[in-house]
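Down below is the structure, laid out as structure tokens.
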Amino acid sequence: LAGVSPKTVSRVLNRDAAVRDNTRKAVEKAMAELGYIPSSAARSMRSNRSGLIGLITGAISRAGDTSVPTGLPDMFLIQGAQKVMAAAGKTLMIADTGGDAARVEPLMRTFMQHRAEGMIYVAAFHQRVSPPAPPAHSPLVLANCFDEEGTPAVVPDDTNGQEPMVTRLLSASPHSLAYPCPFYTFDAYV
């Protein structure tokens with residue numbers, strides 16, 4: 001439809017060689033008219049890069065559940081991961097355990113079937129976890145938790161978070177403590 005060779009179309013799609021501006025526009029116009037969408041599966045097979053990162057959480061099914069201990073709401077951690085992945089040009093796939101720890105391993109397998117480049121496991125609160133080991137070629141990062149195996153983890157800095165709050169409490173006059181004031185809770189600092 002664009003009147004060019006398959007190699008020229010490939011060059012436009014992959015941006016791996018110079019193509020004249022009018023040729024690129026003709027190819028892009030033809031792609032739009034045909035409704036062509038490049039296959040990310042085919043591209044990831046060739047490059048071994050899918051651009052996908054899997055995130056496993058229980059935050060979605062647990063939303064509003066006050067019976068589970070919490071610290072920094074794990075949804076904030078998920079939003080932070082989403083922001084970082086988008087800035088890196090990656091797509092974050094999110095799966096929820098539904099509160100069932102036995103679902104973590106099948107979810108990891110599902111992410112691997114979709115050729116995820118890595119996985120993030122987000123816990124509800126700062127705690128020790130025992131997630132299943134991911135495949136050797138797929139890195140796992142723990143968020144808001146840690147394990148005995150030394151898996152890379154992003155955890156809250158409780159000491160440095162609580163120190164300013166305690167210092168402020170100790171330096172406040174008794175009179176100022178008698179009135180409501182905007183003290184931060186432990187959860188807000190975690």
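Going by the structure tokens order, chains are called A, B, ..., each with residues numbered from 1, while ligands are numbered from 1 in the order shown.
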
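DSSP, applied to the backbone of this structure, assigns alpha helix (DSSP H) to the following residues of segment 94-140 of chain A: Val104, Glu105, Pro106, Leu107, Met108, Arg109, Thr110, Phe111, Met112 and Gln113 of chain A.
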
### Message
I'd like the neighbourhood of Asp96 of chain A as a list of chain:residue names, where a residue qualifies if any of its atoms comes within 10 Å (using only C-alpha atoms), though same-chain residues fewer than 5 positions away should be ignored.
### Response
A:Leu55, A:Ile56, A:Thr57, A:Gly58, A:Ala59, A:Ile60, A:Ser61, A:Arg62, A:Arg103, A:Val104, A:Leu107

Selection from above, all heavy atoms, as a tab-separated table (two decimals), in the first residue's frame, can you write it?
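Output below, filename result-v4.tsv:
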chain	number	residue	atom	x	y	z
A	55	LEU	N	3.98	-7.22	38.45
A	55	LEU	CA	3.88	-6.80	39.85
A	55	LEU	C	2.79	-7.63	40.51
A	55	LEU	O	1.67	-7.70	40.01
A	55	LEU	CB	3.55	-5.31	39.95
A	55	LEU	CG	3.55	-4.75	41.37
A	55	LEU	CD1	4.15	-3.35	41.38
A	55	LEU	CD2	2.17	-4.75	41.98
A	56	ILE	N	3.14	-8.27	41.62
A	56	ILE	CA	2.19	-9.10	42.36
A	56	ILE	C	1.88	-8.42	43.68
A	56	ILE	O	2.79	-7.99	44.40
A	56	ILE	CB	2.78	-10.51	42.61
A	56	ILE	CG1	3.06	-11.19	41.26
A	56	ILE	CG2	1.83	-11.35	43.47
A	56	ILE	CD1	3.83	-12.49	41.38
A	57	THR	N	0.61	-8.30	43.99
A	57	THR	CA	0.16	-7.60	45.18
A	57	THR	C	-1.14	-8.21	45.68
A	57	THR	O	-1.74	-9.04	45.02
A	57	THR	CB	-0.06	-6.10	44.87
A	57	THR	OG1	-0.41	-5.41	46.06
A	57	THR	CG2	-1.15	-5.89	43.85
A	58	GLY	N	-1.55	-7.79	46.83
A	58	GLY	CA	-2.88	-8.13	47.35
A	58	GLY	C	-3.66	-6.85	47.59
A	58	GLY	O	-4.76	-6.88	48.12
A	59	ALA	N	-3.09	-5.72	47.19
A	59	ALA	CA	-3.67	-4.41	47.49
A	59	ALA	C	-5.04	-4.21	46.86
A	59	ALA	O	-5.90	-3.55	47.45
A	59	ALA	CB	-2.73	-3.30	47.03
A	60	ILE	N	-5.27	-4.75	45.70
A	60	ILE	CA	-6.53	-4.51	45.01
A	60	ILE	C	-7.67	-5.23	45.73
A	60	ILE	O	-8.69	-4.64	46.06
A	60	ILE	CB	-6.43	-4.93	43.54
A	60	ILE	CG1	-5.36	-4.09	42.85
A	60	ILE	CG2	-7.78	-4.79	42.84
A	60	ILE	CD1	-4.93	-4.62	41.50
A	61	SER	N	-7.48	-6.50	46.03
A	61	SER	CA	-8.53	-7.26	46.71
A	61	SER	C	-8.67	-6.86	48.17
A	61	SER	O	-9.71	-7.09	48.77
A	61	SER	CB	-8.26	-8.76	46.61
A	61	SER	OG	-7.02	-9.09	47.19
A	62	ARG	N	-7.64	-6.27	48.74
A	62	ARG	CA	-7.65	-5.89	50.14
A	62	ARG	C	-8.15	-4.46	50.36
A	62	ARG	O	-8.30	-4.01	51.49
A	62	ARG	CB	-6.21	-6.02	50.68
A	62	ARG	CG	-6.09	-6.28	52.12
A	62	ARG	CD	-4.67	-6.48	52.61
A	62	ARG	NE	-3.68	-5.63	51.98
A	62	ARG	CZ	-2.79	-6.06	51.08
A	62	ARG	NH1	-2.78	-7.30	50.70
A	62	ARG	NH2	-1.93	-5.23	50.53
A	103	ARG	N	-1.38	-18.22	45.41
A	103	ARG	CA	-1.52	-17.72	44.04
A	103	ARG	C	-0.25	-17.04	43.53
A	103	ARG	O	-0.12	-16.79	42.34
A	103	ARG	CB	-2.68	-16.74	43.95
A	103	ARG	CG	-4.02	-17.45	44.17
A	103	ARG	CD	-5.20	-16.70	43.65
A	103	ARG	NE	-5.04	-16.43	42.24
A	103	ARG	CZ	-5.49	-15.31	41.65
A	103	ARG	NH1	-6.11	-14.39	42.35
A	103	ARG	NH2	-5.32	-15.12	40.36
A	104	VAL	N	0.70	-16.75	44.42
A	104	VAL	CA	1.90	-16.02	44.00
A	104	VAL	C	2.68	-16.81	42.94
A	104	VAL	O	3.05	-16.27	41.90
A	104	VAL	CB	2.80	-15.68	45.21
A	104	VAL	CG1	4.13	-15.07	44.76
A	104	VAL	CG2	2.08	-14.72	46.16
A	107	LEU	N	1.00	-16.89	39.55
A	107	LEU	CA	1.07	-15.56	38.93
A	107	LEU	C	2.46	-15.30	38.36
A	107	LEU	O	2.60	-14.73	37.28
A	107	LEU	CB	0.69	-14.48	39.95
A	107	LEU	CG	-0.79	-14.45	40.35
A	107	LEU	CD1	-1.02	-13.47	41.50
A	107	LEU	CD2	-1.67	-14.12	39.16

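Taking atom CA of Glu148 of chain A and atom CA of Glu117 of chain A as the two end points, the separation is 23.4 Å.
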
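Among the candidate residues A:Ile94, A:Cys145, A:Val9, A:His137, the one lying nearest to Ile78 of chain A is A:Ile94, with distances computed using only C-alpha atoms.
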
### Task
Do a neighbour search on Pro152 of chain A at 10 Å with only C-alpha atoms, toss out local chain neighbours closer than 6 positions, and write the hits as a VMD selection string.
chain A and resid 120 139 to 143 145 to 146

### Message
My list of candidates is A:Leu170, A:Thr23, A:Asp158, A:Gly51. Which is closest to Met85 of chain A when distances are computed with only C-alpha atoms?
### Response
A:Gly51

### Message
as a ChimeraX atom specification, please: every residue in segment 18-168 of chain A that DSSP puts in strand (DSSP E or B).
### Response
/A:52-57,91-96,118-128,140-146,153-154
